[in-house]
file upload12.cif (mmCIF, C-alpha atoms)
data_data
loop_
_atom_site.label_atom_id
_atom_site.label_comp_id
_atom_site.auth_asym_id
_atom_site.auth_seq_id
_atom_site.Cartn_x
_atom_site.Cartn_y
_atom_site.Cartn_z
CA MET E 1 103.29 57.92 67.99
CA THR E 2 104.31 61.60 67.80
CA MET E 3 106.77 63.28 70.17
CA ILE E 4 106.48 67.03 70.45
CA MET E 5 109.04 69.20 72.20
CA ALA E 6 107.28 72.37 73.33
CA ILE E 7 108.77 75.69 74.42
CA GLU E 8 106.83 78.38 76.30
CA SER E 9 108.15 81.85 77.22
CA SER E 10 105.24 84.24 76.69
CA CYS E 11 105.44 86.01 80.06
CA ASP E 12 107.45 85.16 83.18
CA GLU E 13 107.77 81.38 83.05
CA THR E 14 110.54 79.71 81.07
CA ALA E 15 109.25 76.25 80.20
CA CYS E 16 109.95 73.18 78.09
CA ALA E 17 108.02 69.92 77.87
CA ILE E 18 107.99 66.67 75.92
CA VAL E 19 104.46 65.52 75.07
CA LYS E 20 103.48 62.22 73.45
CA ASP E 21 100.50 62.22 71.07
CA GLY E 22 99.15 65.42 72.57
CA SER E 23 97.91 63.76 75.76
CA GLU E 24 100.77 62.18 77.69
CA ILE E 25 103.30 64.40 79.48
CA LEU E 26 106.76 62.81 79.51
CA SER E 27 108.40 65.88 81.05
CA ASN E 28 107.25 69.36 81.99
CA ILE E 29 109.89 71.78 83.29
CA VAL E 30 108.89 75.27 84.44
CA SER E 31 111.25 77.92 85.79
CA SER E 32 109.14 80.63 87.40
CA GLN E 33 110.16 84.25 87.92
CA ILE E 34 107.30 85.12 90.28
CA ASN E 35 109.57 85.87 93.26
CA VAL E 36 111.48 88.44 91.21
CA HIS E 37 108.46 90.27 89.78
CA THR E 38 106.54 90.30 93.08
CA GLN E 39 109.11 92.83 94.29
CA PHE E 40 107.94 95.22 91.55
CA GLY E 41 104.19 94.61 91.90
CA GLY E 42 103.94 93.13 88.40
CA VAL E 43 105.94 91.65 85.54
CA VAL E 44 108.78 93.87 84.31
CA PRO E 45 109.23 92.95 80.61
CA GLU E 46 112.95 93.73 80.36
CA VAL E 47 113.73 91.72 83.49
CA ALA E 48 111.56 88.82 82.29
CA SER E 49 113.32 88.51 78.92
CA ARG E 50 116.75 88.65 80.55
CA ILE E 51 115.87 85.81 82.93
CA HIS E 52 114.45 83.77 80.03
CA VAL E 53 117.83 84.02 78.30
CA GLU E 54 119.51 82.72 81.45
CA ASN E 55 117.09 79.79 81.89
CA ILE E 56 116.07 78.59 78.42
CA SER E 57 118.98 76.18 77.80
CA THR E 58 118.61 74.66 81.26
CA VAL E 59 114.88 73.90 80.95
CA ILE E 60 115.37 72.34 77.50
CA THR E 61 118.19 70.12 78.75
CA GLU E 62 116.20 69.12 81.83
CA ALA E 63 113.07 68.32 79.80
CA LEU E 64 115.02 65.90 77.60
CA HIS E 65 116.72 64.38 80.64
CA GLN E 66 113.46 63.87 82.54
CA ALA E 67 111.85 62.22 79.49
CA HIS E 68 114.94 60.01 78.97
CA MET E 69 115.19 61.23 75.39
CA THR E 70 117.54 62.90 72.93
CA MET E 71 116.64 65.24 70.08
CA ASP E 72 116.68 62.22 67.76
CA ASP E 73 113.46 61.06 69.45
CA ILE E 74 111.64 64.34 68.77
CA ASP E 75 109.31 64.62 65.75
CA ALA E 76 108.61 68.36 65.86
CA ILE E 77 109.28 71.47 67.92
CA ALA E 78 106.24 73.51 68.98
CA PHE E 79 106.70 76.98 70.44
CA THR E 80 104.60 79.89 71.65
CA GLN E 81 104.62 82.50 68.88
CA GLY E 82 102.22 84.82 70.76
CA PRO E 83 100.40 86.54 72.28
CA GLY E 84 102.63 87.76 75.10
CA LEU E 85 105.56 90.03 75.91
CA ILE E 86 107.66 90.59 72.80
CA GLY E 87 111.04 90.20 74.52
CA SER E 88 109.99 87.06 76.38
CA LEU E 89 108.44 85.49 73.28
CA HIS E 90 111.55 86.25 71.24
CA VAL E 91 113.72 84.10 73.51
CA GLY E 92 111.52 81.04 73.06
CA VAL E 93 111.13 81.56 69.32
CA GLN E 94 114.90 81.85 68.82
CA ALA E 95 115.53 78.74 70.93
CA ALA E 96 112.98 76.74 68.90
CA LYS E 97 114.44 77.92 65.59
CA THR E 98 117.97 77.09 66.71
CA LEU E 99 117.01 73.54 67.71
CA ALA E 100 114.99 73.02 64.53
CA TRP E 101 117.91 74.16 62.39
CA GLN E 102 120.52 72.13 64.24
CA PHE E 103 118.52 68.88 64.39
CA HIS E 104 116.45 69.24 61.19
CA LYS E 105 113.05 69.24 62.90
CA PRO E 106 109.82 70.88 61.67
CA LEU E 107 108.70 74.03 63.48
CA VAL E 108 105.10 74.36 64.70
CA PRO E 109 103.97 77.85 65.84
CA VAL E 110 101.34 77.83 68.59
CA ASN E 111 98.95 80.46 69.89
CA HIS E 112 99.36 80.59 73.66
CA MET E 113 95.60 80.73 74.28
CA THR E 114 94.90 77.57 72.25
CA GLY E 115 97.45 75.94 74.53
CA HIS E 116 95.37 76.85 77.58
CA ILE E 117 92.31 75.27 75.95
CA TYR E 118 94.16 72.06 75.13
CA ALA E 119 95.58 71.82 78.65
CA ASN E 120 92.18 70.30 79.47
CA ARG E 121 93.29 67.20 77.56
CA PHE E 122 95.59 66.26 80.45
CA ALA E 123 92.72 66.33 82.93
CA LEU E 124 90.51 63.93 80.94
CA ASP E 125 90.62 60.25 80.11
CA HIS E 126 89.12 60.94 76.68
CA ASP E 127 89.39 63.44 73.84
CA LEU E 128 87.74 66.83 73.92
CA LYS E 129 84.16 66.79 72.63
CA PHE E 130 82.97 69.07 69.84
CA PRO E 131 81.35 71.46 69.38
CA LEU E 132 83.10 72.94 72.38
CA LEU E 133 82.76 76.21 74.30
CA ALA E 134 85.89 77.48 76.06
CA LEU E 135 86.00 80.21 78.69
CA VAL E 136 89.57 81.48 78.30
CA ILE E 137 90.57 83.74 81.19
CA SER E 138 94.01 85.00 82.14
CA GLY E 139 96.00 88.11 82.99
CA GLY E 140 95.82 89.28 79.40
CA HIS E 141 92.70 87.64 77.96
CA THR E 142 89.02 87.11 78.68
CA GLN E 143 87.35 85.28 75.79
CA LEU E 144 84.53 82.90 74.98
CA VAL E 145 85.74 80.65 72.16
CA TRP E 146 83.49 78.41 70.07
CA MET E 147 85.10 75.36 68.44
CA GLU E 148 83.20 73.31 65.87
CA ASN E 149 86.18 70.94 65.60
CA GLU E 150 89.68 70.50 66.97
CA TRP E 151 91.30 73.24 64.85
CA ASP E 152 88.47 75.75 64.49
CA PHE E 153 88.48 78.74 66.82
CA LYS E 154 85.82 81.45 66.78
CA VAL E 155 85.96 84.16 69.44
CA ILE E 156 82.29 84.93 70.16
CA GLY E 157 82.86 87.09 73.23
CA THR E 158 85.72 89.15 74.64
CA THR E 159 86.48 91.91 77.10
CA GLN E 160 85.99 95.47 75.90
CA ASP E 161 88.76 96.76 78.17
CA ASP E 162 90.64 94.97 80.97
CA ALA E 163 91.09 91.22 81.06
CA ILE E 164 89.76 89.62 84.24
CA GLY E 165 93.24 88.73 85.54
CA GLU E 166 94.40 92.29 84.91
CA ALA E 167 91.38 93.59 86.86
CA TYR E 168 92.25 91.35 89.81
CA ASP E 169 95.81 92.73 89.81
CA LYS E 170 94.61 96.34 89.65
CA VAL E 171 92.07 95.96 92.46
CA SER E 172 94.65 94.19 94.61
CA ARG E 173 97.03 97.10 93.96
CA VAL E 174 94.34 99.61 95.00
CA LEU E 175 93.80 97.64 98.22
CA GLY E 176 97.54 97.40 98.78
CA THR E 177 97.40 93.62 99.06
CA GLY E 178 100.16 92.68 96.61
CA TYR E 179 100.83 90.76 93.40
CA PRO E 180 99.65 88.54 91.80
CA GLY E 181 96.13 89.73 92.57
CA GLY E 182 94.18 86.64 91.52
CA PRO E 183 95.08 84.15 94.27
CA ILE E 184 95.36 86.92 96.89
CA MET E 185 91.88 88.29 96.18
CA ASP E 186 90.38 84.79 95.93
CA LYS E 187 91.73 83.93 99.38
CA MET E 188 90.58 87.26 100.90
CA ALA E 189 87.10 86.93 99.37
CA LYS E 190 86.60 83.62 101.22
CA GLU E 191 86.92 85.55 104.48
CA GLY E 192 84.74 88.44 103.32
CA LYS E 193 81.04 89.13 103.80
CA PRO E 194 78.36 90.76 101.57
CA HIS E 195 78.92 94.15 103.16
CA TYR E 196 79.56 96.32 100.10
CA THR E 197 77.65 96.55 96.81
CA LEU E 198 79.27 97.13 93.41
CA PRO E 199 77.49 97.78 90.09
CA THR E 200 77.39 95.04 87.47
CA PRO E 201 79.28 96.27 84.37
CA LYS E 202 77.08 96.99 81.35
CA VAL E 203 78.23 95.74 77.94
CA HIS E 204 76.65 95.82 74.48
CA GLY E 205 77.83 92.48 73.07
CA LYS E 206 75.76 89.49 74.08
CA TYR E 207 78.80 87.50 75.21
CA ASP E 208 81.20 90.40 75.87
CA TYR E 209 82.70 91.56 79.16
CA SER E 210 83.94 94.76 80.78
CA PHE E 211 85.96 95.09 83.98
CA SER E 212 87.56 98.54 83.85
CA GLY E 213 84.48 100.24 85.31
CA LEU E 214 84.35 97.68 88.10
CA LYS E 215 87.91 98.54 89.07
CA THR E 216 86.93 102.23 89.14
CA ALA E 217 83.87 101.40 91.25
CA VAL E 218 86.13 99.73 93.83
CA LEU E 219 88.34 102.82 93.94
CA GLN E 220 85.29 105.08 94.41
CA LEU E 221 83.94 102.79 97.14
CA ILE E 222 87.20 103.05 99.05
CA GLN E 223 87.25 106.85 98.66
CA ARG E 224 83.63 107.14 99.91
CA GLU E 225 84.34 105.01 102.97
CA GLU E 226 87.49 106.97 103.78
CA LYS E 227 85.59 110.26 103.41
CA LYS E 228 83.05 109.01 105.95
CA GLY E 229 85.89 108.03 108.25
CA GLU E 230 84.95 104.35 108.01
CA PRO E 231 87.70 101.71 108.07
CA ILE E 232 87.98 99.69 104.84
CA ILE E 233 87.30 96.01 105.34
CA LYS E 234 89.54 94.64 102.60
CA GLU E 235 88.11 91.13 102.73
CA ASP E 236 84.61 92.50 102.15
CA VAL E 237 85.81 94.60 99.21
CA ALA E 238 87.48 91.51 97.73
CA TYR E 239 84.24 89.57 98.21
CA ALA E 240 82.15 92.26 96.50
CA PHE E 241 84.57 92.57 93.58
CA GLN E 242 84.93 88.83 93.04
CA GLU E 243 81.21 88.07 93.25
CA THR E 244 80.37 90.84 90.77
CA ALA E 245 83.14 89.97 88.29
CA LEU E 246 82.69 86.21 88.36
CA ASN E 247 78.91 86.30 88.21
CA LEU E 248 79.20 88.44 85.07
CA MET E 249 81.57 85.91 83.49
CA VAL E 250 79.49 82.91 84.46
CA SER E 251 76.19 84.45 83.33
CA LYS E 252 77.64 85.22 79.89
CA THR E 253 79.06 81.72 79.63
CA LEU E 254 75.77 80.11 80.59
CA GLN E 255 73.94 82.31 78.08
CA ALA E 256 76.25 80.98 75.35
CA VAL E 257 75.61 77.42 76.56
CA GLU E 258 71.85 78.02 76.39
CA ASP E 259 72.08 79.49 72.88
CA LEU E 260 74.66 77.18 71.27
CA HIS E 261 74.26 73.80 73.04
CA PRO E 262 77.90 72.63 73.01
CA ALA E 263 78.87 69.04 73.73
CA MET E 264 81.44 70.29 76.21
CA VAL E 265 82.40 73.40 78.19
CA VAL E 266 86.00 73.93 79.33
CA THR E 267 87.76 76.60 81.35
CA ALA E 268 91.29 77.67 80.47
CA GLY E 269 93.96 80.10 81.65
CA GLY E 270 95.35 81.24 84.98
CA VAL E 271 92.08 82.67 86.33
CA ALA E 272 90.44 79.27 85.74
CA ALA E 273 92.23 78.26 88.94
CA ASN E 274 89.90 80.56 90.93
CA SER E 275 88.04 78.47 93.51
CA ARG E 276 84.86 80.58 93.51
CA LEU E 277 84.61 80.49 89.72
CA ARG E 278 84.72 76.70 89.83
CA VAL E 279 81.85 76.58 92.30
CA LEU E 280 79.71 79.04 90.33
CA LEU E 281 80.24 77.19 87.05
CA ASP E 282 79.58 73.81 88.64
CA GLU E 283 76.30 75.12 90.05
CA GLY E 284 75.30 76.83 86.80
CA MET E 285 76.03 73.79 84.63
CA LYS E 286 73.80 71.53 86.73
CA LYS E 287 70.98 72.79 84.54
CA TYR E 288 72.69 71.06 81.59
CA PRO E 289 73.45 67.49 82.72
CA ASP E 290 74.03 66.33 79.15
CA ILE E 291 76.89 68.80 78.63
CA GLU E 292 80.28 67.86 80.07
CA LEU E 293 82.15 70.50 82.08
CA SER E 294 85.94 70.37 82.36
CA GLN E 295 87.73 72.56 84.88
CA PRO E 296 91.35 71.37 84.87
CA PRO E 297 93.53 71.07 87.98
CA ILE E 298 95.37 74.25 88.91
CA ARG E 299 98.71 72.91 87.62
CA TYR E 300 97.23 72.91 84.10
CA CYS E 301 95.73 76.41 84.39
CA THR E 302 98.95 78.34 84.85
CA ASP E 303 101.49 78.84 82.05
CA ASN E 304 103.53 75.75 81.20
CA ALA E 305 104.97 74.09 78.10
CA SER E 306 102.95 70.86 78.21
CA MET E 307 99.86 72.79 77.08
CA ILE E 308 101.86 74.13 74.11
CA GLY E 309 102.78 70.52 73.34
CA ALA E 310 99.11 69.48 73.45
CA SER E 311 98.02 72.28 71.11
CA GLY E 312 101.18 71.83 69.03
CA TYR E 313 100.32 68.19 68.43
CA VAL E 314 96.90 69.11 67.05
CA ALA E 315 98.46 71.85 64.92
CA TYR E 316 101.09 69.39 63.66
CA LYS E 317 98.37 66.88 62.74
CA ASN E 318 96.55 69.63 60.85
CA GLY E 319 99.62 70.48 58.79
CA VAL E 320 100.65 73.70 60.57
CA ARG E 321 104.32 74.49 59.91
CA CYS E 322 106.52 77.58 59.62
CA GLY E 323 109.93 78.50 58.25
CA PHE E 324 112.96 80.05 59.87
CA ASP E 325 111.67 83.51 58.98
CA VAL E 326 108.98 83.19 61.68
CA SER E 327 109.03 85.85 64.39
CA ALA E 328 107.35 86.47 67.74
CA ASP E 329 103.94 88.13 67.51
CA PRO E 330 102.84 89.79 70.80
CA GLY E 331 99.32 90.44 69.42
CA LEU E 332 98.83 87.07 67.73
CA LEU E 333 95.21 86.19 67.05
CA MET E 334 93.74 82.73 67.30
CA PRO E 335 93.79 80.65 64.11
CA GLY E 336 90.99 81.96 61.90
CA GLU E 337 90.34 85.01 64.15
CA VAL E 338 90.11 88.39 62.38
#
call {"tool": "encode", "arguments": {"input": "upload12.cif", "output": "structure tokens"}}
result
Amino acid sequence: MTMIMAIESSCDETACAIVKDGSEILSNIVSSQINVHTQFGGVVPEVASRIHVENISTVITEALHQAHMTMDDIDAIAFTQGPGLIGSLHVGVQAAKTLAWQFHKPLVPVNHMTGHIYANRFALDHDLKFPLLALVISGGHTQLVWMENEWDFKVIGTTQDDAIGEAYDKVSRVLGTGYPGGPIMDKMAKEGKPHYTLPTPKVHGKYDYSFSGLKTAVLQLIQREEKKGEPIIKEDVAYAFQETALNLMVSKTLQAVEDLHPAMVVTAGGVAANSRLRVLLDEGMKKYPDIELSQPPIRYCTDNASMIGASGYVAYKNGVRCGFDVSADPGLLMPGEV
């Protein structure tokens, strides 16, 4: 039995969790800053790090309290080393190092994106199956990751410009519909109709993505309509953008499934909460009934510390440790990624 305390502070959530054996959540405390950053139309790094400083001690104390534990019960401290906002990451790293020094616990650095992949463990009644294909999609990342085993990560596809979550935010800003763009656009698209047409982005890599041009195409569409004196139907624009972007992602994912024949496909990251994406993947994977598809509940898609505990447990088992000279790495690559 292994108890992992996990700390997550890569962006605008201050979080701490206690996870048993990488699969059982004993506590999972998240302090969100979304109401603050919504006022600015996006995350303000300096504000985020300041609020992390204010909240970090409270979430750690509450996580221990909720799990009915003390630091004596903890076997290791896992923390998000990166990727993320440097100031935000620094707060979590310093908190983890302080606890490890004071209570003589090993430190386990975790890549935030591996945490999103391992969040699927909480949605299943069995272990992940390998080889595994993960579609990792968030505000900062859009990646297809191939895993031969539990601690082998090979990025086989990535975005050549904007991440999908970033593209959602930018299009929502162009439409004047607010932040965060993902859930807003998803909701609007449900009310939209196939009125407008947008070009499918062209990319060279077989499993790669591109969304910057799609954002520009939305801007040009709006400008054309305004020039003609036509009112912009925002729901229809959202529909056109979402269908084009998600169909690109799903088609690339299904191509990788066809080529590589994984035992399992999982979605991971904040954009994995998108309702239309879930439908498209479910429909696409019906062609492969022997391959299990895991799309975790929304509470496991957004940033939290339990996912860092799940990935941290696997890292701990695989001998991953670091010293007190460890520092935050905002551009941290996945283990084995070059």
call {"tool": "closest_residue", "arguments": {"input": "upload12.cif", "among": "E:Pro180, E:Gly115, E:Gly92, E:Gly284", "to": "Met249 (chain E)", "atoms": "all atoms listed in the file"}}
result
E:Gly284
call {"tool": "atom_distance", "arguments": {"input": "upload12.cif", "atom1": "CA of Glu292 (chain E)", "atom2": "CA of Asn120 (chain E)"}}
result
12.2 Å
call {"tool": "resolve_selection", "arguments": {"input": "upload12.cif", "expression": "the PyMOL selection byres ((chain E and resi 252) around 9)", "output": "ChimeraX atom specification"}}
result
/E:144,157,206-209,247-251,253-257
call {"tool": "closest_residue", "arguments": {"input": "upload12.cif", "among": "E:Thr70, E:Gln223, E:Thr197, E:Asn304", "to": "Gln242 (chain E)", "atoms": "all atoms listed in the file"}}
result
E:Thr197
call {"tool": "residues_around", "arguments": {"input": "upload12.cif", "residues": "region 9-18 of chain E", "least_positions_apart": "5", "cutoff": "9 Å", "atoms": "only C-alpha atoms", "output": "ChimeraX atom specification"}}
result
/E:3-4,24-34,37,43-45,48-49,51-53,55-56,59-64,67,74,79-93,112,303-309,330
call {"tool": "atom_distance", "arguments": {"input": "upload12.cif", "atom1": "CA of Gln295 (chain E)", "atom2": "CA of Asp329 (chain E)"}}
result
28.4 Å
call {"tool": "residues_near_point", "arguments": {"input": "upload12.cif", "point": "(93.2, 81.0, 68.1)", "cutoff": "9 Å", "atoms": "all atoms listed in the file", "output": "PDB file with C-alpha atoms, in the coordinates of the input"}}
result
ATOM      1  CA  VAL E 110     101.340  77.830  68.590  1.00  0.00           C
ATOM      2  CA  ASN E 111      98.950  80.460  69.890  1.00  0.00           C
ATOM      3  CA  HIS E 112      99.360  80.590  73.660  1.00  0.00           C
ATOM      4  CA  MET E 113      95.600  80.730  74.280  1.00  0.00           C
ATOM      5  CA  THR E 114      94.900  77.570  72.250  1.00  0.00           C
ATOM      6  CA  VAL E 145      85.740  80.650  72.160  1.00  0.00           C
ATOM      7  CA  TRP E 151      91.300  73.240  64.850  1.00  0.00           C
ATOM      8  CA  ASP E 152      88.470  75.750  64.490  1.00  0.00           C
ATOM      9  CA  PHE E 153      88.480  78.740  66.820  1.00  0.00           C
ATOM     10  CA  LYS E 154      85.820  81.450  66.780  1.00  0.00           C
ATOM     11  CA  VAL E 155      85.960  84.160  69.440  1.00  0.00           C
ATOM     12  CA  LEU E 332      98.830  87.070  67.730  1.00  0.00           C
ATOM     13  CA  LEU E 333      95.210  86.190  67.050  1.00  0.00           C
ATOM     14  CA  MET E 334      93.740  82.730  67.300  1.00  0.00           C
ATOM     15  CA  PRO E 335      93.790  80.650  64.110  1.00  0.00           C
ATOM     16  CA  GLY E 336      90.990  81.960  61.900  1.00  0.00           C
ATOM     17  CA  GLU E 337      90.340  85.010  64.150  1.00  0.00           C
TER      18      GLU E 337
END
call {"tool": "decode", "arguments": {"input": "upload12.cif", "residues": "region 28-125 of chain E", "atoms": "C-alpha atoms", "output": "PDB file, in the first residue's frame"}}
result
ATOM      1  CA  ASN E  28      -8.830  15.840  -3.658  1.00  0.00           C
ATOM      2  CA  ILE E  29      -8.885  19.556  -2.833  1.00  0.00           C
ATOM      3  CA  VAL E  30      -8.987  22.147  -5.623  1.00  0.00           C
ATOM      4  CA  SER E  31      -9.053  25.912  -5.157  1.00  0.00           C
ATOM      5  CA  SER E  32      -9.995  27.471  -8.491  1.00  0.00           C
ATOM      6  CA  GLN E  33      -9.167  31.003  -9.623  1.00  0.00           C
ATOM      7  CA  ILE E  34     -11.519  30.994 -12.620  1.00  0.00           C
ATOM      8  CA  ASN E  35     -13.724  33.807 -11.289  1.00  0.00           C
ATOM      9  CA  VAL E  36     -10.705  36.092 -10.972  1.00  0.00           C
ATOM     10  CA  HIS E  37      -9.220  35.422 -14.413  1.00  0.00           C
ATOM     11  CA  THR E  38     -12.577  35.591 -16.221  1.00  0.00           C
ATOM     12  CA  GLN E  39     -12.523  39.331 -15.508  1.00  0.00           C
ATOM     13  CA  PHE E  40      -9.361  39.613 -17.633  1.00  0.00           C
ATOM     14  CA  GLY E  41     -10.437  37.292 -20.469  1.00  0.00           C
ATOM     15  CA  GLY E  42      -7.673  34.788 -19.681  1.00  0.00           C
ATOM     16  CA  VAL E  43      -5.185  33.692 -17.039  1.00  0.00           C
ATOM     17  CA  VAL E  44      -2.899  36.483 -15.799  1.00  0.00           C
ATOM     18  CA  PRO E  45       0.330  34.706 -14.716  1.00  0.00           C
ATOM     19  CA  GLU E  46       1.364  37.181 -12.010  1.00  0.00           C
ATOM     20  CA  VAL E  47      -2.095  37.127 -10.437  1.00  0.00           C
ATOM     21  CA  ALA E  48      -2.222  33.315 -10.619  1.00  0.00           C
ATOM     22  CA  SER E  49       1.078  32.819  -8.790  1.00  0.00           C
ATOM     23  CA  ARG E  50       0.105  35.298  -6.075  1.00  0.00           C
ATOM     24  CA  ILE E  51      -3.158  33.463  -5.408  1.00  0.00           C
ATOM     25  CA  HIS E  52      -1.312  30.126  -5.334  1.00  0.00           C
ATOM     26  CA  VAL E  53       0.885  31.493  -2.536  1.00  0.00           C
ATOM     27  CA  GLU E  54      -2.243  32.458  -0.600  1.00  0.00           C
ATOM     28  CA  ASN E  55      -3.949  29.067  -1.065  1.00  0.00           C
ATOM     29  CA  ILE E  56      -1.235  26.392  -1.071  1.00  0.00           C
ATOM     30  CA  SER E  57      -1.005  25.834   2.705  1.00  0.00           C
ATOM     31  CA  THR E  58      -4.784  25.671   3.031  1.00  0.00           C
ATOM     32  CA  VAL E  59      -5.285  23.013   0.335  1.00  0.00           C
ATOM     33  CA  ILE E  60      -2.485  20.849   1.780  1.00  0.00           C
ATOM     34  CA  THR E  61      -3.960  21.047   5.284  1.00  0.00           C
ATOM     35  CA  GLU E  62      -7.454  20.301   3.988  1.00  0.00           C
ATOM     36  CA  ALA E  63      -6.264  17.326   1.904  1.00  0.00           C
ATOM     37  CA  LEU E  64      -4.702  15.703   4.970  1.00  0.00           C
ATOM     38  CA  HIS E  65      -7.784  16.479   7.053  1.00  0.00           C
ATOM     39  CA  GLN E  66     -10.204  15.035   4.494  1.00  0.00           C
ATOM     40  CA  ALA E  67      -8.121  11.845   4.208  1.00  0.00           C
ATOM     41  CA  HIS E  68      -7.889  11.569   8.025  1.00  0.00           C
ATOM     42  CA  MET E  69      -4.108  11.404   7.774  1.00  0.00           C
ATOM     43  CA  THR E  70      -0.928  13.067   8.969  1.00  0.00           C
ATOM     44  CA  MET E  71       2.358  13.423   7.104  1.00  0.00           C
ATOM     45  CA  ASP E  72       3.562  10.291   8.903  1.00  0.00           C
ATOM     46  CA  ASP E  73       1.135   8.279   6.740  1.00  0.00           C
ATOM     47  CA  ILE E  74       2.559   9.641   3.472  1.00  0.00           C
ATOM     48  CA  ASP E  75       5.137   7.575   1.536  1.00  0.00           C
ATOM     49  CA  ALA E  76       6.130  10.153  -1.089  1.00  0.00           C
ATOM     50  CA  ILE E  77       5.304  13.639  -2.324  1.00  0.00           C
ATOM     51  CA  ALA E  78       4.528  13.995  -6.036  1.00  0.00           C
ATOM     52  CA  PHE E  79       4.344  17.433  -7.612  1.00  0.00           C
ATOM     53  CA  THR E  80       3.841  19.013 -11.019  1.00  0.00           C
ATOM     54  CA  GLN E  81       7.269  20.084 -12.270  1.00  0.00           C
ATOM     55  CA  GLY E  82       5.902  21.282 -15.640  1.00  0.00           C
ATOM     56  CA  PRO E  83       4.767  22.189 -18.182  1.00  0.00           C
ATOM     57  CA  GLY E  84       2.855  25.291 -17.133  1.00  0.00           C
ATOM     58  CA  LEU E  85       3.251  28.871 -15.953  1.00  0.00           C
ATOM     59  CA  ILE E  86       6.649  29.326 -14.323  1.00  0.00           C
ATOM     60  CA  GLY E  87       5.411  31.404 -11.374  1.00  0.00           C
ATOM     61  CA  SER E  88       2.512  29.061 -10.657  1.00  0.00           C
ATOM     62  CA  LEU E  89       4.673  25.947 -10.926  1.00  0.00           C
ATOM     63  CA  HIS E  90       7.282  27.463  -8.623  1.00  0.00           C
ATOM     64  CA  VAL E  91       4.785  27.727  -5.759  1.00  0.00           C
ATOM     65  CA  GLY E  92       3.894  24.030  -5.921  1.00  0.00           C
ATOM     66  CA  VAL E  93       7.513  22.929  -6.327  1.00  0.00           C
ATOM     67  CA  GLN E  94       8.619  24.955  -3.295  1.00  0.00           C
ATOM     68  CA  ALA E  95       5.744  23.607  -1.198  1.00  0.00           C
ATOM     69  CA  ALA E  96       6.621  20.016  -2.134  1.00  0.00           C
ATOM     70  CA  LYS E  97      10.312  20.541  -1.364  1.00  0.00           C
ATOM     71  CA  THR E  98       9.519  22.137   1.981  1.00  0.00           C
ATOM     72  CA  LEU E  99       7.296  19.231   3.040  1.00  0.00           C
ATOM     73  CA  ALA E 100       9.807  16.655   1.812  1.00  0.00           C
ATOM     74  CA  TRP E 101      12.610  18.326   3.754  1.00  0.00           C
ATOM     75  CA  GLN E 102      10.608  18.767   6.943  1.00  0.00           C
ATOM     76  CA  PHE E 103       9.125  15.253   7.021  1.00  0.00           C
ATOM     77  CA  HIS E 104      11.934  13.324   5.270  1.00  0.00           C
ATOM     78  CA  LYS E 105       9.831  12.131   2.321  1.00  0.00           C
ATOM     79  CA  PRO E 106      11.038  11.284  -1.209  1.00  0.00           C
ATOM     80  CA  LEU E 107      10.201  13.771  -3.955  1.00  0.00           C
ATOM     81  CA  VAL E 108       8.630  12.564  -7.216  1.00  0.00           C
ATOM     82  CA  PRO E 109       8.526  15.073 -10.117  1.00  0.00           C
ATOM     83  CA  VAL E 110       5.557  14.632 -12.469  1.00  0.00           C
ATOM     84  CA  ASN E 111       4.845  15.877 -15.970  1.00  0.00           C
ATOM     85  CA  HIS E 112       1.416  17.510 -15.905  1.00  0.00           C
ATOM     86  CA  MET E 113       0.326  15.857 -19.161  1.00  0.00           C
ATOM     87  CA  THR E 114       1.108  12.330 -17.922  1.00  0.00           C
ATOM     88  CA  GLY E 115      -1.178  13.199 -15.027  1.00  0.00           C
ATOM     89  CA  HIS E 116      -4.037  13.881 -17.437  1.00  0.00           C
ATOM     90  CA  ILE E 117      -3.469  10.476 -19.055  1.00  0.00           C
ATOM     91  CA  TYR E 118      -3.461   8.669 -15.719  1.00  0.00           C
ATOM     92  CA  ALA E 119      -6.630  10.457 -14.590  1.00  0.00           C
ATOM     93  CA  ASN E 120      -8.380   7.779 -16.665  1.00  0.00           C
ATOM     94  CA  ARG E 121      -7.425   5.288 -13.946  1.00  0.00           C
ATOM     95  CA  PHE E 122     -10.095   6.773 -11.670  1.00  0.00           C
ATOM     96  CA  ALA E 123     -12.818   6.187 -14.252  1.00  0.00           C
ATOM     97  CA  LEU E 124     -12.051   2.470 -14.693  1.00  0.00           C
ATOM     98  CA  ASP E 125     -12.437  -0.619 -12.551  1.00  0.00           C
TER      99      ASP E 125
END
